[in-house]
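With mmCIF, C-alpha atoms and all ligand atoms inside, this is work.cif:
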```cif
data_data
loop_
_atom_site.group_PDB
_atom_site.id
_atom_site.type_symbol
_atom_site.label_atom_id
_atom_site.label_comp_id
_atom_site.auth_asym_id
_atom_site.auth_seq_id
_atom_site.Cartn_x
_atom_site.Cartn_y
_atom_site.Cartn_z
ATOM 1 C CA MET D 1 -36.594 -25.027 -20.703
ATOM 2 C CA ALA D 2 -33.250 -23.833 -19.299
ATOM 3 C CA GLU D 3 -32.757 -24.421 -15.585
ATOM 4 C CA THR D 4 -32.233 -21.368 -13.366
ATOM 5 C CA ALA D 5 -28.555 -21.178 -12.457
ATOM 6 C CA VAL D 6 -27.966 -21.805 -8.748
ATOM 7 C CA PRO D 7 -25.091 -19.715 -7.356
ATOM 8 C CA ASN D 8 -22.122 -21.794 -6.376
ATOM 9 C CA VAL D 9 -21.383 -20.907 -2.747
ATOM 10 C CA TYR D 10 -17.919 -21.806 -1.485
ATOM 11 C CA HIS D 11 -18.021 -23.514 1.893
ATOM 12 C CA ASP D 12 -14.275 -23.480 2.395
ATOM 13 C CA THR D 13 -11.697 -20.665 2.436
ATOM 14 C CA LEU D 14 -8.578 -20.639 0.306
ATOM 15 C CA PRO D 15 -5.599 -20.946 2.684
ATOM 16 C CA PRO D 16 -3.114 -18.046 2.721
ATOM 17 C CA GLY D 17 -0.394 -18.647 0.140
ATOM 18 C CA ASP D 18 -2.591 -20.712 -2.195
ATOM 19 C CA ILE D 19 -3.429 -19.403 -5.669
ATOM 20 C CA SER D 20 -7.074 -19.895 -6.614
ATOM 21 C CA ASP D 21 -7.929 -22.058 -9.633
ATOM 22 C CA GLU D 22 -9.335 -18.971 -11.384
ATOM 23 C CA LEU D 23 -6.259 -16.829 -10.743
ATOM 24 C CA ALA D 24 -3.657 -19.502 -11.502
ATOM 25 C CA PRO D 25 -3.751 -19.139 -15.326
ATOM 26 C CA VAL D 26 -3.454 -15.346 -15.014
ATOM 27 C CA ILE D 27 -0.455 -15.659 -12.702
ATOM 28 C CA ALA D 28 1.117 -18.221 -15.043
ATOM 29 C CA GLU D 29 0.583 -16.064 -18.121
ATOM 30 C CA LEU D 30 2.132 -13.047 -16.398
ATOM 31 C CA GLY D 31 5.002 -15.189 -15.072
ATOM 32 C CA MET D 32 4.344 -14.158 -11.482
ATOM 33 C CA GLU D 33 4.585 -17.418 -9.555
ATOM 34 C CA ASP D 34 7.804 -16.255 -7.857
ATOM 35 C CA ASN D 35 6.220 -12.931 -6.853
ATOM 36 C CA CYS D 36 3.318 -14.802 -5.228
ATOM 37 C CA ARG D 37 5.642 -17.149 -3.379
ATOM 38 C CA GLU D 38 7.900 -14.318 -2.226
ATOM 39 C CA ILE D 39 5.156 -12.080 -0.883
ATOM 40 C CA ALA D 40 3.534 -15.045 0.892
ATOM 41 C CA GLU D 41 6.784 -16.323 2.407
ATOM 42 C CA GLN D 42 9.038 -13.306 2.922
ATOM 43 C CA GLY D 43 6.413 -10.544 2.975
ATOM 44 C CA TRP D 44 7.786 -8.600 0.014
ATOM 45 C CA THR D 45 8.661 -8.931 -3.646
ATOM 46 C CA VAL D 46 9.624 -6.823 -6.650
ATOM 47 C CA ILE D 47 7.744 -6.735 -9.953
ATOM 48 C CA GLU D 48 10.356 -5.651 -12.504
ATOM 49 C CA ASN D 49 9.330 -4.018 -15.804
ATOM 50 C CA ALA D 50 5.795 -3.523 -14.530
ATOM 51 C CA ALA D 51 5.001 -1.338 -17.556
ATOM 52 C CA THR D 52 6.864 0.458 -20.345
ATOM 53 C CA PRO D 53 9.635 3.052 -19.741
ATOM 54 C CA GLU D 54 7.328 5.582 -21.438
ATOM 55 C CA PHE D 55 4.673 4.918 -18.792
ATOM 56 C CA ASN D 56 7.213 5.235 -16.014
ATOM 57 C CA ASP D 57 8.318 8.641 -17.357
ATOM 58 C CA ARG D 58 4.720 9.854 -17.583
ATOM 59 C CA LEU D 59 3.942 8.708 -14.063
ATOM 60 C CA ARG D 60 7.087 10.342 -12.683
ATOM 61 C CA ALA D 61 6.394 13.637 -14.450
ATOM 62 C CA LYS D 62 2.796 13.778 -13.187
ATOM 63 C CA ILE D 63 3.789 13.035 -9.575
ATOM 64 C CA LEU D 64 6.397 15.795 -9.745
ATOM 65 C CA GLU D 65 3.872 18.218 -11.240
ATOM 66 C CA LEU D 66 1.292 17.516 -8.502
ATOM 67 C CA SER D 67 3.746 17.294 -5.621
ATOM 68 C CA GLY D 68 4.609 20.938 -5.216
ATOM 69 C CA ALA D 69 8.308 19.962 -5.227
ATOM 70 C CA GLU D 70 10.873 22.418 -6.564
ATOM 71 C CA PRO D 71 12.423 21.023 -9.781
ATOM 72 C CA GLU D 72 15.557 18.880 -9.321
ATOM 73 C CA THR D 73 16.093 19.496 -5.588
ATOM 74 C CA GLY D 74 12.731 19.824 -3.823
ATOM 75 C CA GLY D 75 10.597 17.408 -1.821
ATOM 76 C CA GLY D 76 6.851 17.006 -1.616
ATOM 77 C CA GLY D 77 3.977 14.675 -2.275
ATOM 78 C CA GLY D 78 0.321 14.277 -3.043
ATOM 79 C CA ASN D 79 -2.746 12.296 -2.032
ATOM 80 C CA MET D 80 -6.016 11.263 -3.700
ATOM 81 C CA LEU D 81 -4.061 10.901 -6.929
ATOM 82 C CA LEU D 82 -6.491 8.487 -8.570
ATOM 83 C CA ALA D 83 -8.903 11.408 -8.904
ATOM 84 C CA LYS D 84 -6.283 13.819 -10.220
ATOM 85 C CA ASP D 85 -4.991 12.311 -13.447
ATOM 86 C CA PRO D 86 -5.741 9.229 -15.585
ATOM 87 C CA VAL D 87 -2.128 8.065 -15.389
ATOM 88 C CA PHE D 88 -2.845 6.886 -11.825
ATOM 89 C CA ALA D 89 -5.725 4.686 -12.987
ATOM 90 C CA GLU D 90 -3.268 3.069 -15.406
ATOM 91 C CA ALA D 91 -0.932 2.376 -12.484
ATOM 92 C CA VAL D 92 -3.656 1.058 -10.183
ATOM 93 C CA LEU D 93 -5.105 -1.146 -12.946
ATOM 94 C CA ASN D 94 -1.754 -2.532 -14.037
ATOM 95 C CA PRO D 95 -2.390 -6.240 -14.757
ATOM 96 C CA LYS D 96 0.623 -7.510 -12.782
ATOM 97 C CA LEU D 97 -0.219 -5.430 -9.710
ATOM 98 C CA ARG D 98 -3.855 -6.474 -9.877
ATOM 99 C CA ALA D 99 -2.965 -10.143 -10.140
ATOM 100 C CA LEU D 100 -0.675 -9.901 -7.135
ATOM 101 C CA ALA D 101 -3.306 -7.939 -5.196
ATOM 102 C CA GLU D 102 -5.930 -10.607 -5.859
ATOM 103 C CA PHE D 103 -3.480 -13.228 -4.658
ATOM 104 C CA SER D 104 -2.470 -11.287 -1.551
ATOM 105 C CA VAL D 105 -5.630 -9.505 -0.402
ATOM 106 C CA GLY D 106 -8.289 -11.583 -2.100
ATOM 107 C CA ARG D 107 -10.802 -11.403 -4.877
ATOM 108 C CA GLY D 108 -12.892 -8.230 -4.706
ATOM 109 C CA PHE D 109 -9.984 -6.226 -3.241
ATOM 110 C CA LEU D 110 -10.341 -2.435 -2.948
ATOM 111 C CA ILE D 111 -8.078 0.501 -3.671
ATOM 112 C CA SER D 112 -7.179 2.136 -0.367
ATOM 113 C CA GLN D 113 -4.650 4.831 -1.228
ATOM 114 C CA VAL D 114 -2.866 6.354 -4.198
ATOM 115 C CA ALA D 115 -0.219 8.809 -3.000
ATOM 116 C CA GLY D 116 2.974 10.273 -4.413
ATOM 117 C CA SER D 117 6.232 11.160 -2.711
ATOM 118 C CA VAL D 118 9.300 13.066 -3.845
ATOM 119 C CA ARG D 119 12.409 12.697 -1.690
ATOM 120 C CA PRO D 120 15.437 14.891 -2.394
ATOM 121 C CA LYS D 121 18.949 14.581 -0.982
ATOM 122 C CA ASP D 122 19.017 14.645 2.842
ATOM 123 C CA SER D 123 15.307 13.938 3.236
ATOM 124 C CA PRO D 124 14.724 12.274 6.589
ATOM 125 C CA ALA D 125 13.904 8.584 6.792
ATOM 126 C CA ILE D 126 10.385 7.547 7.758
ATOM 127 C CA GLY D 127 9.815 5.481 10.900
ATOM 128 C CA LEU D 128 9.730 1.687 10.914
ATOM 129 C CA HIS D 129 6.201 0.302 10.783
ATOM 130 C CA ALA D 130 3.996 -2.485 9.453
ATOM 131 C CA ASP D 131 1.190 -1.423 7.141
ATOM 132 C CA HIS D 132 -1.243 -3.422 9.330
ATOM 133 C CA ASN D 133 -0.878 -0.321 11.457
ATOM 134 C CA TRP D 134 -4.523 0.012 12.350
ATOM 135 C CA CYS D 135 -4.875 -3.709 12.948
ATOM 136 C CA PRO D 136 -4.396 -5.107 16.462
ATOM 137 C CA ALA D 137 -1.670 -7.741 16.939
ATOM 138 C CA PRO D 138 -1.447 -10.639 16.439
ATOM 139 C CA PHE D 139 -2.014 -9.899 12.769
ATOM 140 C CA PRO D 140 -4.387 -12.336 11.062
ATOM 141 C CA ASP D 141 -3.298 -15.331 8.968
ATOM 142 C CA HIS D 142 -4.693 -13.715 5.827
ATOM 143 C CA ASN D 143 -3.014 -10.550 4.634
ATOM 144 C CA MET D 144 -5.231 -7.460 4.860
ATOM 145 C CA LEU D 145 -3.216 -4.812 2.990
ATOM 146 C CA MET D 146 -0.830 -4.879 0.087
ATOM 147 C CA THR D 147 1.278 -1.844 -0.791
ATOM 148 C CA GLY D 148 3.078 -1.347 -4.086
ATOM 149 C CA CYS D 149 5.627 1.440 -4.379
ATOM 150 C CA TRP D 150 6.007 2.278 -8.058
ATOM 151 C CA VAL D 151 9.705 2.969 -8.309
ATOM 152 C CA CYS D 152 10.017 5.839 -10.802
ATOM 153 C CA ASP D 153 13.737 6.247 -10.002
ATOM 154 C CA GLU D 154 16.141 3.393 -9.401
ATOM 155 C CA TYR D 155 15.983 2.094 -5.839
ATOM 156 C CA THR D 156 19.384 2.016 -4.138
ATOM 157 C CA LYS D 157 20.270 2.260 -0.470
ATOM 158 C CA ALA D 158 22.139 5.540 -1.011
ATOM 159 C CA GLY D 159 19.233 6.829 -3.075
ATOM 160 C CA GLY D 160 16.883 6.327 -0.112
ATOM 161 C CA SER D 161 15.147 3.113 -1.095
ATOM 162 C CA THR D 162 12.590 1.342 1.046
ATOM 163 C CA LEU D 163 14.088 -1.051 3.607
ATOM 164 C CA VAL D 164 12.466 -4.178 5.004
ATOM 165 C CA CYS D 165 13.324 -6.087 8.189
ATOM 166 C CA SER D 166 13.909 -9.576 6.936
ATOM 167 C CA GLY D 167 11.759 -12.163 8.742
ATOM 168 C CA SER D 168 9.606 -9.587 10.549
ATOM 169 C CA ASN D 169 6.565 -10.709 8.536
ATOM 170 C CA LYS D 170 6.554 -13.933 10.564
ATOM 171 C CA LEU D 171 6.204 -12.091 13.892
ATOM 172 C CA ARG D 172 2.672 -10.856 13.172
ATOM 173 C CA ARG D 173 2.975 -7.812 15.393
ATOM 174 C CA HIS D 174 4.016 -4.167 15.408
ATOM 175 C CA PRO D 175 7.657 -3.298 16.118
ATOM 176 C CA ASP D 176 8.331 -1.957 19.634
ATOM 177 C CA ALA D 177 10.213 1.285 20.334
ATOM 178 C CA GLN D 178 13.611 -0.418 20.468
ATOM 179 C CA GLU D 179 12.987 -2.279 17.224
ATOM 180 C CA VAL D 180 11.894 0.962 15.561
ATOM 181 C CA GLU D 181 15.236 2.398 16.632
ATOM 182 C CA GLU D 182 17.399 -0.601 15.673
ATOM 183 C CA LYS D 183 15.631 -1.825 12.511
ATOM 184 C CA PRO D 184 16.719 -5.464 13.012
ATOM 185 C CA GLU D 185 17.817 -7.400 9.894
ATOM 186 C CA ALA D 186 17.159 -4.362 7.696
ATOM 187 C CA ILE D 187 17.887 -4.827 4.011
ATOM 188 C CA ALA D 188 17.452 -2.357 1.150
ATOM 189 C CA ILE D 189 15.015 -3.184 -1.617
ATOM 190 C CA GLU D 190 17.187 -2.408 -4.639
ATOM 191 C CA CYS D 191 15.619 -2.490 -8.095
ATOM 192 C CA PRO D 192 15.571 -0.601 -11.409
ATOM 193 C CA ALA D 193 13.256 2.270 -12.264
ATOM 194 C CA GLY D 194 9.967 0.933 -13.616
ATOM 195 C CA SER D 195 9.731 -1.755 -10.925
ATOM 196 C CA VAL D 196 7.070 -1.989 -8.276
ATOM 197 C CA ALA D 197 8.316 -2.894 -4.790
ATOM 198 C CA VAL D 198 5.446 -4.704 -3.106
ATOM 199 C CA TRP D 199 4.921 -5.819 0.481
ATOM 200 C CA ASP D 200 2.227 -7.197 2.736
ATOM 201 C CA GLY D 201 0.748 -5.684 5.892
ATOM 202 C CA ASN D 202 3.025 -7.705 8.184
ATOM 203 C CA ILE D 203 6.537 -6.762 7.166
ATOM 204 C CA TRP D 204 8.275 -3.978 9.070
ATOM 205 C CA HIS D 205 9.614 -1.382 6.695
ATOM 206 C CA ALA D 206 10.912 2.178 6.486
ATOM 207 C CA ASN D 207 13.306 3.875 4.118
ATOM 208 C CA TRP D 208 16.948 4.891 4.134
ATOM 209 C CA PRO D 209 17.933 8.529 4.200
ATOM 210 C CA ARG D 210 18.765 9.754 0.701
ATOM 211 C CA THR D 211 22.408 10.761 0.411
ATOM 212 C CA THR D 212 22.602 11.235 -3.359
ATOM 213 C CA GLU D 213 21.659 14.247 -5.483
ATOM 214 C CA GLY D 214 18.353 14.374 -7.357
ATOM 215 C CA GLN D 215 14.894 13.200 -6.355
ATOM 216 C CA ARG D 216 13.399 9.799 -5.561
ATOM 217 C CA VAL D 217 9.886 9.787 -7.014
ATOM 218 C CA VAL D 218 7.463 7.063 -5.929
ATOM 219 C CA CYS D 219 3.773 6.327 -6.365
ATOM 220 C CA HIS D 220 2.410 4.496 -3.288
ATOM 221 C CA ILE D 221 -0.531 2.253 -4.135
ATOM 222 C CA THR D 222 -2.305 0.335 -1.399
ATOM 223 C CA TYR D 223 -4.958 -2.303 -1.976
ATOM 224 C CA THR D 224 -7.012 -3.714 0.847
ATOM 225 C CA ARG D 225 -9.067 -6.808 1.539
ATOM 226 C CA LEU D 226 -12.745 -5.927 1.307
ATOM 227 C CA MET D 227 -13.500 -7.381 4.726
ATOM 228 C CA MET D 228 -13.712 -4.150 6.735
ATOM 229 C CA ARG D 229 -15.710 -2.137 4.242
ATOM 230 C CA THR D 230 -18.845 -0.906 5.985
ATOM 231 C CA VAL D 231 -22.089 -2.641 5.062
ATOM 232 C CA GLU D 232 -23.928 0.669 4.728
ATOM 233 C CA ASP D 233 -22.465 3.905 3.329
ATOM 234 C CA TYR D 234 -23.615 6.920 5.346
ATOM 235 C CA ARG D 235 -21.268 9.508 3.874
ATOM 236 C CA ALA D 236 -24.077 11.408 2.153
ATOM 237 C CA HIS D 237 -25.873 11.743 5.529
ATOM 238 C CA ALA D 238 -22.831 12.262 7.757
ATOM 239 C CA ASP D 239 -22.989 16.048 8.153
ATOM 240 C CA ASP D 240 -26.615 15.966 9.316
ATOM 241 C CA LEU D 241 -26.117 13.026 11.654
ATOM 242 C CA ILE D 242 -23.027 14.588 13.243
ATOM 243 C CA ALA D 243 -24.734 17.973 13.618
ATOM 244 C CA GLU D 244 -27.511 16.250 15.547
ATOM 245 C CA HIS D 245 -25.533 13.734 17.620
ATOM 246 C CA GLY D 246 -22.035 15.161 17.987
ATOM 247 C CA GLU D 247 -18.614 13.625 18.417
ATOM 248 C CA ILE D 248 -19.532 10.009 19.031
ATOM 249 C CA MET D 249 -21.493 9.996 15.754
ATOM 250 C CA SER D 250 -18.461 11.583 14.117
ATOM 251 C CA GLN D 251 -16.344 8.652 15.319
ATOM 252 C CA LEU D 252 -18.913 6.087 14.161
ATOM 253 C CA LEU D 253 -18.899 7.644 10.711
ATOM 254 C CA GLY D 254 -15.110 7.664 10.435
ATOM 255 C CA ARG D 255 -14.596 11.399 10.765
ATOM 256 C CA GLU D 256 -12.303 11.081 13.800
ATOM 257 C CA ASP D 257 -9.715 8.803 12.190
ATOM 258 C CA PHE D 258 -7.041 9.507 9.632
ATOM 259 C CA LEU D 259 -8.460 7.271 6.971
ATOM 260 C CA GLU D 260 -10.646 9.428 4.832
ATOM 261 C CA GLY D 261 -10.072 13.168 4.874
ATOM 262 C CA PRO D 262 -11.318 15.256 1.946
ATOM 263 C CA ASN D 263 -7.715 15.491 0.717
ATOM 264 C CA GLY D 264 -6.885 11.853 1.321
ATOM 265 C CA ALA D 265 -5.336 10.585 4.515
ATOM 266 C CA ASP D 266 -5.370 13.135 7.354
ATOM 267 C CA TYR D 267 -1.923 12.675 8.860
ATOM 268 C CA SER D 268 -2.685 14.897 11.866
ATOM 269 C CA LYS D 269 -4.868 12.020 13.126
ATOM 270 C CA LEU D 270 -2.501 9.194 12.214
ATOM 271 C CA ILE D 271 -1.004 8.354 15.613
ATOM 272 C CA GLN D 272 -4.349 8.525 17.395
ATOM 273 C CA THR D 273 -5.840 6.128 14.832
ATOM 274 C CA PHE D 274 -2.946 3.685 15.175
ATOM 275 C CA ASN D 275 -3.230 3.866 18.965
ATOM 276 C CA ASN D 276 -6.962 3.189 18.828
ATOM 277 C CA ALA D 277 -6.243 -0.031 16.934
ATOM 278 C CA LYS D 278 -4.213 -1.334 19.867
ATOM 279 C CA ARG D 279 -6.812 -0.711 22.613
HETATM 280 O O1 LIG S 1 8.684 5.540 0.929
HETATM 281 C C1 LIG S 1 9.084 4.428 1.206
HETATM 282 O O2 LIG S 1 10.165 3.983 0.862
HETATM 283 C C2 LIG S 1 8.207 3.516 2.062
HETATM 284 C C3 LIG S 1 6.818 3.999 2.094
HETATM 285 C C4 LIG S 1 5.922 3.295 3.047
HETATM 286 O O3 LIG S 1 6.263 3.016 4.157
HETATM 287 C C5 LIG S 1 4.592 2.942 2.608
HETATM 288 O O4 LIG S 1 4.147 3.346 1.509
HETATM 289 O O5 LIG S 1 3.911 2.201 3.387
#
```
Structure rendered as structure tokens:
Amino acid sequence: MAETAVPNVYHDTLPPGDISDELAPVIAELGMEDNCREIAEQGWTVIENAATPEFNDRLRAKILELSGAEPETGGGGGNMLLAKDPVFAEAVLNPKLRALAEFSVGRGFLISQVAGSVRPKDSPAIGLHADHNWCPAPFPDHNMLMTGCWVCDEYTKAGGSTLVCSGSNKLRRHPDAQEVEEKPEAIAIECPAGSVAVWDGNIWHANWPRTTEGQRVVCHITYTRLMMRTVEDYRAHADDLIAEHGEIMSQLLGREDFLEGPNGADYSKLIQTFNNAKR
């Protein structure tokens, strides 16, 4: 008679920066050892040729279509894209991105956000931040969030690429007001169209203003460690519970933060959410 299989419980934790025995052959087959080392050590890396040029064109066209941007010169964006077209599932499930996500934010990682942005000439730069934005400092040893920007148009400094503050990943904290202003040790991530620029939750980043003609089209994909997922899912009961108990119940059920509006992130609540994380 066959013995009942006893689950193998790990009693240790894989240290940050180590590749698990199960993931190692996948990383080797995809040739991603350098990407793993770079994201662990410097907080960012670039996956070049993440998919075919045909895929890149399809992704770019769909982001433009959903963004509300005027052709050629307009700006715009979109949220909740995974639910809006199958091309975004292809991006999110890309084998190289998934392998890096498992390395960086752990087995069982979750999709947190799939958004698009279209930046035309003269679009303003975004503010310097770390994606561990709703995490109190000091940031934990293990990375909690990994963001991949699918670069549909070549990333150059003049074209408004993402910038990273070299070495800031080691500080394990948010930038202060002066650092936001000065962007210390800022370098442009420059890479060809079809790459994915990837960073961890620690590194301070922003983007350069775009000074060239045309549009910079990007798909922003964020994966998260499963750690903070709620044990019980009350979304189906939230309206009733809030109607009965009011605002504090609304907070407990996540309706007062920016994280889960019906149309994706609710940016009107962004600053308040980030401030909550620091108190
Ligand atoms: O648009 C960019 O270049 C950077 C975007 C960003 O900060 C992010 O997706 O976290």
task = Skip range 220-226 of chain D itself and residues of its chain fewer than 4 positions away, then list as a list of chain:residue names all residues within 7 Å of it, counting only C-alpha atoms.
result = D:Val92, D:Ala101, D:Val105, D:Gly106, D:Gly108, D:Phe109, D:Leu110, D:Ile111, D:Ser112, D:Gln113, D:Val114, D:Ala115, D:Gly116, D:Met144, D:Leu145, D:Met146, D:Thr147, D:Gly148, D:Cys149, D:Trp150
ask   = If you measure from CA of Ala186 in chain D to CA of Ile203 in chain D, what distance in Å do you get, rounded to one decimal?
value = 10.9 Å
task = Excluding range 40-48 of chain D and any residue of its chain fewer than 2 positions from it, enumerate the residues within 6 Å of it, using all atoms listed in the file, and give them as a list in words.
result = Gly17, Asn35, Arg37, Glu38, Ala50, Asn169, Ser195, Val196, Ala197, Val198, Trp199, Asp200 and Ile203 of chain D
Set up a box along x, y and z of the file covering all listed atoms of ligand LIG 1 (chain S), add 5 Å on every one of the six sides, and write the centre and edge lengths in Å to one decimal, as lines of an AutoDock Vina configuration file.
```
center_x = 7.0
center_y = 3.9
center_z = 2.5
size_x = 16.3
size_y = 13.3
size_z = 13.3
```
inquiry  = Residue by residue, what does the PyMOL selection byres (((chain D and resi 184) around 12) and not hetatm) grab here? Present the result as a ChimeraX atom specification.
reply    = /D:128,163-168,175-183,185-187,203-206
request  = Check the smallest atom-to-atom distance from each of D:Thr73, D:Thr211, D:Ser67, D:Thr273 to Trp134 in chain D using all atoms listed in the file, then report the winner.
outcome  =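 Of D:Thr73, D:Thr211, D:Ser67, D:Thr273, the one nearest Trp134 in chain D, counting all atoms listed in the file, is D:Thr273.
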task = Between CA of His142 in chain D and CA of Ala24 in chain D, measure the distance and give it in Å to one decimal.
result = 18.3 Å
query = Could you tell me, as a VMD selection string, which residues have any atom at most 12 Å from (-16.8, 7.6, 11.8), counting all atoms listed in the file?
reply = chain D and resid 230 233 to 235 237 to 239 241 to 242 246 to 261 273
query = Any idea what the distance is between CA of Glu65 in chain D and CA of Val118 in chain D?
reply =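 Atom-to-atom, CA of Glu65 in chain D to CA of Val118 in chain D, that is 10.5 Å.
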How would range 212-238 of chain D look with N, CA and C atoms restored, written as a PDB file, in the frame of the given file?
```pdb
ATOM      1  N   THR D 212      22.182  10.848  -2.007  1.00  0.00           N
ATOM      2  CA  THR D 212      22.602  11.235  -3.359  1.00  0.00           C
ATOM      3  C   THR D 212      21.809  12.453  -3.842  1.00  0.00           C
ATOM      4  N   GLU D 213      22.352  13.093  -4.872  1.00  0.00           N
ATOM      5  CA  GLU D 213      21.659  14.247  -5.483  1.00  0.00           C
ATOM      6  C   GLU D 213      20.381  13.761  -6.182  1.00  0.00           C
ATOM      7  N   GLY D 214      19.558  14.720  -6.588  1.00  0.00           N
ATOM      8  CA  GLY D 214      18.353  14.374  -7.357  1.00  0.00           C
ATOM      9  C   GLY D 214      17.185  13.990  -6.454  1.00  0.00           C
ATOM     10  N   GLN D 215      16.137  13.487  -7.081  1.00  0.00           N
ATOM     11  CA  GLN D 215      14.894  13.200  -6.355  1.00  0.00           C
ATOM     12  C   GLN D 215      14.478  11.745  -6.551  1.00  0.00           C
ATOM     13  N   ARG D 216      13.993  11.130  -5.463  1.00  0.00           N
ATOM     14  CA  ARG D 216      13.399   9.799  -5.561  1.00  0.00           C
ATOM     15  C   ARG D 216      11.886   9.968  -5.647  1.00  0.00           C
ATOM     16  N   VAL D 217      11.324   9.597  -6.794  1.00  0.00           N
ATOM     17  CA  VAL D 217       9.886   9.787  -7.014  1.00  0.00           C
ATOM     18  C   VAL D 217       9.196   8.416  -6.964  1.00  0.00           C
ATOM     19  N   VAL D 218       8.160   8.335  -6.137  1.00  0.00           N
ATOM     20  CA  VAL D 218       7.463   7.063  -5.929  1.00  0.00           C
ATOM     21  C   VAL D 218       5.957   7.290  -5.935  1.00  0.00           C
ATOM     22  N   CYS D 219       5.227   6.349  -6.504  1.00  0.00           N
ATOM     23  CA  CYS D 219       3.773   6.327  -6.365  1.00  0.00           C
ATOM     24  C   CYS D 219       3.417   5.177  -5.416  1.00  0.00           C
ATOM     25  N   HIS D 220       2.768   5.488  -4.315  1.00  0.00           N
ATOM     26  CA  HIS D 220       2.410   4.496  -3.288  1.00  0.00           C
ATOM     27  C   HIS D 220       0.966   4.051  -3.534  1.00  0.00           C
ATOM     28  N   ILE D 221       0.809   2.781  -3.808  1.00  0.00           N
ATOM     29  CA  ILE D 221      -0.531   2.253  -4.135  1.00  0.00           C
ATOM     30  C   ILE D 221      -0.860   1.162  -3.127  1.00  0.00           C
ATOM     31  N   THR D 222      -1.922   1.349  -2.380  1.00  0.00           N
ATOM     32  CA  THR D 222      -2.305   0.335  -1.399  1.00  0.00           C
ATOM     33  C   THR D 222      -3.671  -0.247  -1.743  1.00  0.00           C
ATOM     34  N   TYR D 223      -3.712  -1.570  -1.776  1.00  0.00           N
ATOM     35  CA  TYR D 223      -4.958  -2.303  -1.976  1.00  0.00           C
ATOM     36  C   TYR D 223      -5.319  -2.964  -0.649  1.00  0.00           C
ATOM     37  N   THR D 224      -6.602  -3.143  -0.429  1.00  0.00           N
ATOM     38  CA  THR D 224      -7.012  -3.714   0.847  1.00  0.00           C
ATOM     39  C   THR D 224      -8.052  -4.811   0.646  1.00  0.00           C
ATOM     40  N   ARG D 225      -8.036  -5.760   1.547  1.00  0.00           N
ATOM     41  CA  ARG D 225      -9.067  -6.808   1.539  1.00  0.00           C
ATOM     42  C   ARG D 225     -10.416  -6.136   1.782  1.00  0.00           C
ATOM     43  N   LEU D 226     -11.462  -6.643   1.195  1.00  0.00           N
ATOM     44  CA  LEU D 226     -12.745  -5.927   1.307  1.00  0.00           C
ATOM     45  C   LEU D 226     -13.434  -6.119   2.646  1.00  0.00           C
ATOM     46  N   MET D 227     -12.853  -6.957   3.484  1.00  0.00           N
ATOM     47  CA  MET D 227     -13.500  -7.381   4.726  1.00  0.00           C
ATOM     48  C   MET D 227     -14.043  -6.254   5.601  1.00  0.00           C
ATOM     49  N   MET D 228     -13.298  -5.173   5.783  1.00  0.00           N
ATOM     50  CA  MET D 228     -13.712  -4.150   6.735  1.00  0.00           C
ATOM     51  C   MET D 228     -14.512  -3.017   6.099  1.00  0.00           C
ATOM     52  N   ARG D 229     -14.862  -3.158   4.841  1.00  0.00           N
ATOM     53  CA  ARG D 229     -15.710  -2.137   4.242  1.00  0.00           C
ATOM     54  C   ARG D 229     -17.056  -2.125   4.966  1.00  0.00           C
ATOM     55  N   THR D 230     -17.583  -0.946   5.241  1.00  0.00           N
ATOM     56  CA  THR D 230     -18.845  -0.906   5.985  1.00  0.00           C
ATOM     57  C   THR D 230     -19.989  -1.451   5.126  1.00  0.00           C
ATOM     58  N   VAL D 231     -20.948  -2.060   5.783  1.00  0.00           N
ATOM     59  CA  VAL D 231     -22.089  -2.641   5.062  1.00  0.00           C
ATOM     60  C   VAL D 231     -22.942  -1.526   4.462  1.00  0.00           C
ATOM     61  N   GLU D 232     -23.131  -0.453   5.228  1.00  0.00           N
ATOM     62  CA  GLU D 232     -23.928   0.669   4.728  1.00  0.00           C
ATOM     63  C   GLU D 232     -23.043   1.911   4.603  1.00  0.00           C
ATOM     64  N   ASP D 233     -23.283   2.715   3.593  1.00  0.00           N
ATOM     65  CA  ASP D 233     -22.465   3.905   3.329  1.00  0.00           C
ATOM     66  C   ASP D 233     -23.268   5.154   3.719  1.00  0.00           C
ATOM     67  N   TYR D 234     -22.867   5.768   4.833  1.00  0.00           N
ATOM     68  CA  TYR D 234     -23.615   6.920   5.346  1.00  0.00           C
ATOM     69  C   TYR D 234     -22.991   8.261   4.996  1.00  0.00           C
ATOM     70  N   ARG D 235     -21.986   8.245   4.099  1.00  0.00           N
ATOM     71  CA  ARG D 235     -21.268   9.508   3.874  1.00  0.00           C
ATOM     72  C   ARG D 235     -22.189  10.647   3.447  1.00  0.00           C
ATOM     73  N   ALA D 236     -23.195  10.350   2.639  1.00  0.00           N
ATOM     74  CA  ALA D 236     -24.077  11.408   2.153  1.00  0.00           C
ATOM     75  C   ALA D 236     -24.918  12.000   3.289  1.00  0.00           C
ATOM     76  N   HIS D 237     -25.026  11.281   4.412  1.00  0.00           N
ATOM     77  CA  HIS D 237     -25.873  11.743   5.529  1.00  0.00           C
ATOM     78  C   HIS D 237     -25.030  12.196   6.719  1.00  0.00           C
ATOM     79  N   ALA D 238     -23.698  12.099   6.584  1.00  0.00           N
ATOM     80  CA  ALA D 238     -22.831  12.262   7.757  1.00  0.00           C
ATOM     81  C   ALA D 238     -22.952  13.650   8.385  1.00  0.00           C
TER      82      ALA D 238
END
```
